[in-house]
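The file work25.csv contains CSV, C-alpha atoms:
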chain,number,residue,atom,x,y,z
A,134,MET,CA,-37.9,11.6,-39.7
A,135,VAL,CA,-39.0,14.3,-37.3
A,136,ILE,CA,-38.2,17.9,-37.9
A,137,PRO,CA,-37.7,19.1,-34.3
A,138,SER,CA,-38.2,22.8,-34.6
A,139,ASP,CA,-39.6,25.5,-36.9
A,140,ASP,CA,-36.0,26.6,-37.6
A,141,SER,CA,-35.3,23.2,-39.2
A,142,ILE,CA,-38.2,23.4,-41.7
A,143,GLU,CA,-35.8,24.8,-44.3
A,144,LYS,CA,-34.2,21.4,-44.5
A,145,VAL,CA,-37.3,20.0,-46.1
A,146,SER,CA,-37.2,20.4,-49.9
A,147,THR,CA,-39.0,18.8,-52.7
A,148,ASN,CA,-35.7,17.4,-54.0
A,149,SER,CA,-35.1,15.5,-50.7
A,150,LEU,CA,-38.5,13.9,-50.5
A,151,PRO,CA,-38.7,10.2,-51.3
A,152,ARG,CA,-40.1,9.6,-54.8
A,153,THR,CA,-43.2,7.5,-54.8
A,154,GLY,CA,-45.6,6.7,-57.6
A,155,GLY,CA,-48.8,6.8,-55.6
A,156,GLY,CA,-48.7,10.5,-54.6
A,157,ILE,CA,-48.2,12.4,-51.4
A,158,VAL,CA,-50.7,12.3,-48.5
A,159,ILE,CA,-50.5,14.9,-45.7
A,160,ASP,CA,-52.1,14.5,-42.3
A,161,ILE,CA,-52.5,17.8,-40.4
A,162,GLY,CA,-52.8,17.5,-36.6
A,163,THR,CA,-51.3,14.0,-36.8
A,164,GLY,CA,-51.1,13.6,-33.0
A,165,ASP,CA,-49.1,10.4,-32.3
A,166,GLY,CA,-48.8,9.6,-36.0
A,167,ALA,CA,-50.8,6.4,-35.9
A,168,PHE,CA,-52.8,7.2,-39.0
A,169,VAL,CA,-49.7,8.1,-41.0
A,170,TYR,CA,-47.9,5.0,-39.9
A,171,GLN,CA,-50.7,2.5,-40.5
A,172,SER,CA,-51.5,4.1,-43.9
A,173,ALA,CA,-47.9,4.1,-45.0
A,174,ARG,CA,-47.6,0.4,-44.1
A,175,ARG,CA,-50.6,-0.4,-46.3
A,176,ASN,CA,-49.5,1.8,-49.2
A,177,ALA,CA,-45.8,1.6,-49.8
A,178,ASP,CA,-46.0,3.5,-53.1
A,179,ARG,CA,-47.2,6.7,-51.3
A,180,LEU,CA,-45.4,9.2,-49.2
A,181,TYR,CA,-47.1,10.1,-46.0
A,182,ILE,CA,-46.3,13.4,-44.2
A,183,GLY,CA,-47.6,14.0,-40.6
A,184,ILE,CA,-47.7,17.6,-39.4
A,185,ASP,CA,-48.3,18.6,-35.7
A,186,PRO,CA,-47.1,21.5,-33.6
A,187,SER,CA,-46.2,19.1,-30.7
A,188,PRO,CA,-43.4,16.5,-31.3
A,189,ARG,CA,-43.8,14.7,-28.0
A,190,PRO,CA,-46.6,12.4,-28.9
A,191,LEU,CA,-44.7,11.4,-32.0
A,192,ALA,CA,-41.6,10.2,-30.1
A,193,ARG,CA,-42.5,6.4,-30.2
A,194,ILE,CA,-43.5,6.2,-33.9
A,195,SER,CA,-40.8,8.5,-35.1
A,196,GLU,CA,-38.2,6.2,-33.5
A,197,LYS,CA,-39.9,3.1,-35.0
A,198,ILE,CA,-39.9,4.3,-38.6
A,199,HIS,CA,-36.0,4.3,-38.5
A,200,ARG,CA,-35.8,0.6,-37.6
A,201,ARG,CA,-35.1,-2.1,-40.2
A,202,PRO,CA,-38.2,-2.9,-42.3
A,203,GLU,CA,-38.6,-6.3,-40.6
A,204,LYS,CA,-38.8,-4.4,-37.3
A,205,GLY,CA,-41.4,-2.0,-38.5
A,206,GLY,CA,-39.2,0.6,-40.2
A,207,LEU,CA,-40.7,2.7,-43.0
A,208,SER,CA,-39.0,4.9,-45.6
A,209,ASN,CA,-42.2,6.5,-46.9
A,210,VAL,CA,-43.0,8.6,-43.8
A,211,LEU,CA,-42.0,12.1,-42.8
A,212,PHE,CA,-43.0,14.1,-39.7
A,213,ILE,CA,-42.8,17.8,-39.5
A,214,ARG,CA,-43.4,20.1,-36.5
A,215,ALA,CA,-45.7,23.0,-37.6
A,216,ALA,CA,-49.1,24.5,-37.0
A,217,VAL,CA,-51.8,25.0,-39.6
A,218,GLU,CA,-51.2,28.8,-39.2
A,219,ASP,CA,-47.6,28.4,-40.4
A,220,LEU,CA,-47.3,25.4,-42.8
A,221,PRO,CA,-43.9,25.3,-44.4
A,222,THR,CA,-43.8,26.8,-47.9
A,223,GLU,CA,-41.6,23.8,-49.1
A,224,LEU,CA,-44.9,21.8,-49.1
A,225,ASP,CA,-46.7,24.2,-51.4
A,226,GLY,CA,-48.6,22.3,-54.1
A,227,LEU,CA,-47.3,18.9,-53.1
A,228,ALA,CA,-50.3,17.1,-51.5
A,229,ASP,CA,-52.5,14.8,-53.5
A,230,GLU,CA,-54.6,14.2,-50.3
A,231,VAL,CA,-54.9,16.1,-47.1
A,232,HIS,CA,-56.6,14.7,-44.0
A,233,VAL,CA,-57.6,16.5,-40.8
A,234,HIS,CA,-58.9,13.9,-38.3
A,235,PHE,CA,-60.4,14.8,-34.9
A,236,PRO,CA,-58.7,18.2,-34.6
A,237,TRP,CA,-58.5,20.2,-31.4
A,238,GLY,CA,-57.5,23.7,-30.4
A,239,SER,CA,-56.8,26.2,-33.2
A,240,LEU,CA,-56.9,23.5,-35.9
A,241,LEU,CA,-60.5,22.6,-34.7
A,242,ARG,CA,-61.5,26.2,-34.9
A,243,ALA,CA,-59.9,26.5,-38.4
A,244,VAL,CA,-61.9,23.7,-40.0
A,245,ALA,CA,-65.1,23.9,-37.8
A,246,ALA,CA,-65.5,27.7,-38.2
A,247,GLY,CA,-64.1,27.9,-41.7
A,248,GLU,CA,-61.3,30.4,-40.8
A,249,GLU,CA,-60.0,32.0,-44.0
A,250,VAL,CA,-56.2,32.1,-43.3
A,251,PRO,CA,-55.8,28.5,-42.1
A,252,LEU,CA,-58.0,27.1,-44.8
A,253,ARG,CA,-56.0,29.0,-47.4
A,254,ASN,CA,-52.8,27.6,-45.9
A,255,ILE,CA,-54.2,24.1,-46.3
A,256,ARG,CA,-55.2,24.9,-49.9
A,257,ARG,CA,-51.7,26.2,-50.5
A,258,ILE,CA,-50.1,22.8,-49.9
A,259,CYS,CA,-52.6,21.1,-52.2
A,260,ALA,CA,-52.0,20.2,-55.8
A,261,PRO,CA,-55.0,21.3,-58.0
A,262,GLY,CA,-57.7,18.6,-57.7
A,263,ALA,CA,-56.3,17.3,-54.4
A,264,SER,CA,-58.8,15.8,-52.0
A,265,LEU,CA,-59.4,17.2,-48.5
A,266,GLU,CA,-61.1,15.1,-45.8
A,267,VAL,CA,-62.0,16.8,-42.5
A,268,VAL,CA,-63.5,14.7,-39.7
A,269,ILE,CA,-64.7,16.4,-36.5
A,270,ALA,CA,-66.0,14.6,-33.4
A,271,LEU,CA,-67.5,16.7,-30.6
A,272,ASP,CA,-69.5,16.1,-27.5
A,273,ALA,CA,-71.6,19.1,-26.6
A,274,GLU,CA,-71.4,18.4,-22.9
A,275,ARG,CA,-67.9,17.0,-22.4
A,276,ASP,CA,-66.3,19.5,-24.8
A,277,SER,CA,-68.5,22.5,-23.8
A,278,SER,CA,-65.6,24.5,-22.4
A,279,GLU,CA,-63.4,24.1,-25.5
A,280,ILE,CA,-66.4,24.8,-27.8
A,281,LYS,CA,-67.1,28.0,-25.8
A,282,ARG,CA,-63.4,29.0,-25.8
A,283,LEU,CA,-63.1,28.6,-29.5
A,284,GLY,CA,-66.5,30.2,-30.2
A,285,LEU,CA,-67.8,27.4,-32.3
A,286,GLU,CA,-71.3,27.0,-33.6
A,287,PRO,CA,-73.1,23.7,-33.5
A,288,LEU,CA,-72.2,21.7,-36.6
A,289,THR,CA,-75.7,21.2,-37.9
A,290,THR,CA,-76.4,20.4,-41.5
A,291,GLN,CA,-77.8,23.9,-42.0
A,292,PHE,CA,-74.6,25.5,-40.6
A,293,VAL,CA,-72.3,23.3,-42.6
A,294,GLU,CA,-74.2,24.0,-45.9
A,295,SER,CA,-75.0,27.6,-45.4
A,296,VAL,CA,-71.8,28.8,-43.6
A,297,LEU,CA,-68.9,26.3,-43.9
A,298,VAL,CA,-69.4,25.3,-47.6
A,299,PRO,CA,-69.2,28.9,-48.8
A,300,ARG,CA,-66.1,29.6,-46.6
A,301,TYR,CA,-64.3,26.5,-47.9
A,302,GLN,CA,-65.2,27.6,-51.4
A,303,ALA,CA,-63.7,31.1,-50.7
A,304,ALA,CA,-60.5,29.4,-49.6
A,305,GLY,CA,-60.2,27.4,-52.8
A,306,PHE,CA,-62.1,24.2,-52.1
A,307,GLU,CA,-65.2,22.7,-53.6
A,308,VAL,CA,-67.2,20.7,-51.0
A,309,SER,CA,-68.5,17.6,-52.7
A,310,GLU,CA,-69.9,15.8,-49.6
A,311,ASN,CA,-70.7,16.4,-46.0
A,312,GLY,CA,-72.7,14.7,-43.3
A,313,ALA,CA,-72.7,12.7,-40.0
A,314,MET,CA,-71.0,9.4,-39.4
A,315,PRO,CA,-71.9,6.7,-36.9
A,316,SER,CA,-69.3,5.8,-34.2
A,317,SER,CA,-69.2,2.3,-35.6
A,318,ASP,CA,-67.3,3.7,-38.6
A,319,TRP,CA,-64.6,5.5,-36.5
A,320,PRO,CA,-62.1,2.7,-36.3
A,321,LYS,CA,-61.5,2.8,-40.0
A,322,PHE,CA,-59.5,6.0,-39.5
A,323,HIS,CA,-56.8,4.0,-37.7
A,324,THR,CA,-56.1,6.8,-35.2
A,325,SER,CA,-55.5,6.4,-31.5
A,326,TRP,CA,-58.0,9.1,-30.8
A,327,ALA,CA,-60.8,7.3,-32.8
A,328,GLY,CA,-60.2,4.3,-30.7
A,329,ARG,CA,-60.5,6.2,-27.4
A,330,LEU,CA,-63.7,7.9,-28.6
A,331,LYS,CA,-65.4,4.8,-29.8
A,332,GLY,CA,-68.6,4.0,-27.7
A,333,GLN,CA,-69.2,7.6,-26.7
A,334,SER,CA,-72.7,7.7,-28.0
A,335,CYS,CA,-73.2,11.4,-27.2
A,336,ARG,CA,-70.3,12.4,-29.4
A,337,SER,CA,-71.3,13.3,-32.9
A,338,MET,CA,-68.9,13.0,-35.9
A,339,VAL,CA,-69.2,15.3,-38.9
A,340,TYR,CA,-67.2,14.9,-42.0
A,341,ILE,CA,-66.5,17.2,-45.0
A,342,ILE,CA,-65.0,16.0,-48.3
A,343,ALA,CA,-63.7,18.7,-50.7
A,344,ARG,CA,-61.5,19.1,-53.7
A,345,ALA,CA,-58.9,21.8,-54.2
A,346,LEU,CA,-59.9,24.0,-57.1
A,347,ALA,CA,-57.3,24.8,-59.8
Step by step, read the file and then write its structure as structure tokens.
Amino acid sequence: MVIPSDDSIEKVSTNSLPRTGGGIVIDIGTGDGAFVYQSARRNADRLYIGIDPSPRPLARISEKIHRRPEKGGLSNVLFIRAAVEDLPTELDGLADEVHVHFPWGSLLRAVAAGEEVPLRNIRRICAPGASLEVVIALDAERDSSEIKRLGLEPLTTQFVESVLVPRYQAAGFEVSENGAMPSSDWPKFHTSWAGRLKGQSCRSMVYIIARALA
């Protein structure tokens, strides 16, 4: 299901969501929805919600999930059109897991600079104790114009620990782990973007694992 516009967000309610025993997983900046789709296929007891401000990349998979199960259809997937700055209040407190994989634009700035309002929005949709996984992959040369446009600092260990960790804490998250990840591990994210980036040795990947505080 794709919610086509912000005006239709009100149609999403906790009463209308499929009931699954394995919890609710939300993927912010879902892109073409590949991570959500592949994860939902492997975990039928969980509900996966993909959120992105642009519905166009989702057209293929959003059509696919409505097919019969033997044709790739899935009932435990929902797609919503929204930006991190304006996450629908109907999702407040629902997520047992939140993922932000390979963000770009304002979402990248939100998680790589630790912007207060977007991080608090992410915390708002989390249940107490929910896990947050952020994965950022940047190439200082190829992405230099975007890095400059967004005003981002290099994601060094010192910057993450001295700047980002306190900012995540202030937004309601306790960072339990952070570090770099080799490109050989990228395919495990099952995203189209990870597949395209594989082999770019100059691109560094930084991850942050956090827990939503009560």
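Neighbours of Arg193 (chain A) closer than or equal to 10 Å, with only C-alpha atoms counted and sequence neighbours fewer than 5 positions away skipped, come out as Asp165, Gly166 and Ile198 of chain A.
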Between CA of Ala345 (chain A) and CA of Ser208 (chain A), what is the distance, to one decimal in Å? 27.5 Å
Between A:Arg253, A:Gly238, A:Leu265, A:Asn209, single out the one closest to Lys281 (chain A), counting only C-alpha atoms. A:Gly238
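The spacing separating CA of Leu346 (chain A) from CA of Tyr170 (chain A) amounts to 28.3 Å.
The smallest atom-to-atom distance between His232 (chain A) and any of A:Glu266, A:Asp185, A:Glu196, A:Glu310, using all atoms listed in the file, is found for A:Glu266.
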Can you work out the spacing between CA of Leu271 (chain A) and CA of Glu218 (chain A) in Å, to one decimal? 22.0 Å
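When all atoms listed in the file are used to measure the gap to Leu240 (chain A), the shortest distance among A:Ala192, A:Cys259, A:Ile184, A:Leu227 belongs to A:Ile184.
Minimum atom-to-atom distance to Ala270 (chain A), evaluated using all atoms listed in the file, belongs to A:Ser337 out of A:Gln302, A:Ser195, A:Asn176, A:Ser337.
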Using the incomplete input, complete region 180-192 of chain A to the level of N, CA and C atoms; output as a PDB file, keeping the file's coordinate frame.
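So rebuild05.pdb came out as:
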ATOM      1  N   LEU A 180     -46.126   8.537 -50.285  1.00  0.00           N
ATOM      2  CA  LEU A 180     -45.400   9.200 -49.200  1.00  0.00           C
ATOM      3  C   LEU A 180     -46.379   9.869 -48.280  1.00  0.00           C
ATOM      4  N   TYR A 181     -46.240   9.592 -46.984  1.00  0.00           N
ATOM      5  CA  TYR A 181     -47.100  10.100 -46.000  1.00  0.00           C
ATOM      6  C   TYR A 181     -46.367  11.138 -45.095  1.00  0.00           C
ATOM      7  N   ILE A 182     -46.939  12.323 -44.957  1.00  0.00           N
ATOM      8  CA  ILE A 182     -46.300  13.400 -44.200  1.00  0.00           C
ATOM      9  C   ILE A 182     -47.288  13.747 -43.027  1.00  0.00           C
ATOM     10  N   GLY A 183     -46.844  13.585 -41.794  1.00  0.00           N
ATOM     11  CA  GLY A 183     -47.600  14.000 -40.600  1.00  0.00           C
ATOM     12  C   GLY A 183     -47.148  15.304 -40.092  1.00  0.00           C
ATOM     13  N   ILE A 184     -48.084  16.214 -39.839  1.00  0.00           N
ATOM     14  CA  ILE A 184     -47.700  17.600 -39.400  1.00  0.00           C
ATOM     15  C   ILE A 184     -48.442  17.804 -38.029  1.00  0.00           C
ATOM     16  N   ASP A 185     -47.683  18.268 -37.047  1.00  0.00           N
ATOM     17  CA  ASP A 185     -48.300  18.600 -35.700  1.00  0.00           C
ATOM     18  C   ASP A 185     -47.340  19.583 -35.041  1.00  0.00           C
ATOM     19  N   PRO A 186     -47.925  20.525 -34.270  1.00  0.00           N
ATOM     20  CA  PRO A 186     -47.100  21.500 -33.600  1.00  0.00           C
ATOM     21  C   PRO A 186     -46.346  20.886 -32.363  1.00  0.00           C
ATOM     22  N   SER A 187     -46.786  19.712 -31.897  1.00  0.00           N
ATOM     23  CA  SER A 187     -46.200  19.100 -30.700  1.00  0.00           C
ATOM     24  C   SER A 187     -45.466  17.813 -31.103  1.00  0.00           C
ATOM     25  N   PRO A 188     -44.141  17.730 -30.964  1.00  0.00           N
ATOM     26  CA  PRO A 188     -43.400  16.500 -31.300  1.00  0.00           C
ATOM     27  C   PRO A 188     -43.473  15.412 -30.291  1.00  0.00           C
ATOM     28  N   ARG A 189     -43.849  15.734 -29.060  1.00  0.00           N
ATOM     29  CA  ARG A 189     -43.800  14.700 -28.000  1.00  0.00           C
ATOM     30  C   ARG A 189     -44.603  13.490 -28.246  1.00  0.00           C
ATOM     31  N   PRO A 190     -45.878  13.598 -28.690  1.00  0.00           N
ATOM     32  CA  PRO A 190     -46.600  12.400 -28.900  1.00  0.00           C
ATOM     33  C   PRO A 190     -46.064  11.507 -30.053  1.00  0.00           C
ATOM     34  N   LEU A 191     -45.210  12.095 -30.897  1.00  0.00           N
ATOM     35  CA  LEU A 191     -44.700  11.400 -32.000  1.00  0.00           C
ATOM     36  C   LEU A 191     -43.387  10.601 -31.707  1.00  0.00           C
ATOM     37  N   ALA A 192     -42.916  10.726 -30.486  1.00  0.00           N
ATOM     38  CA  ALA A 192     -41.600  10.200 -30.100  1.00  0.00           C
ATOM     39  C   ALA A 192     -41.525   8.660 -30.435  1.00  0.00           C
TER      40      ALA A 192
END
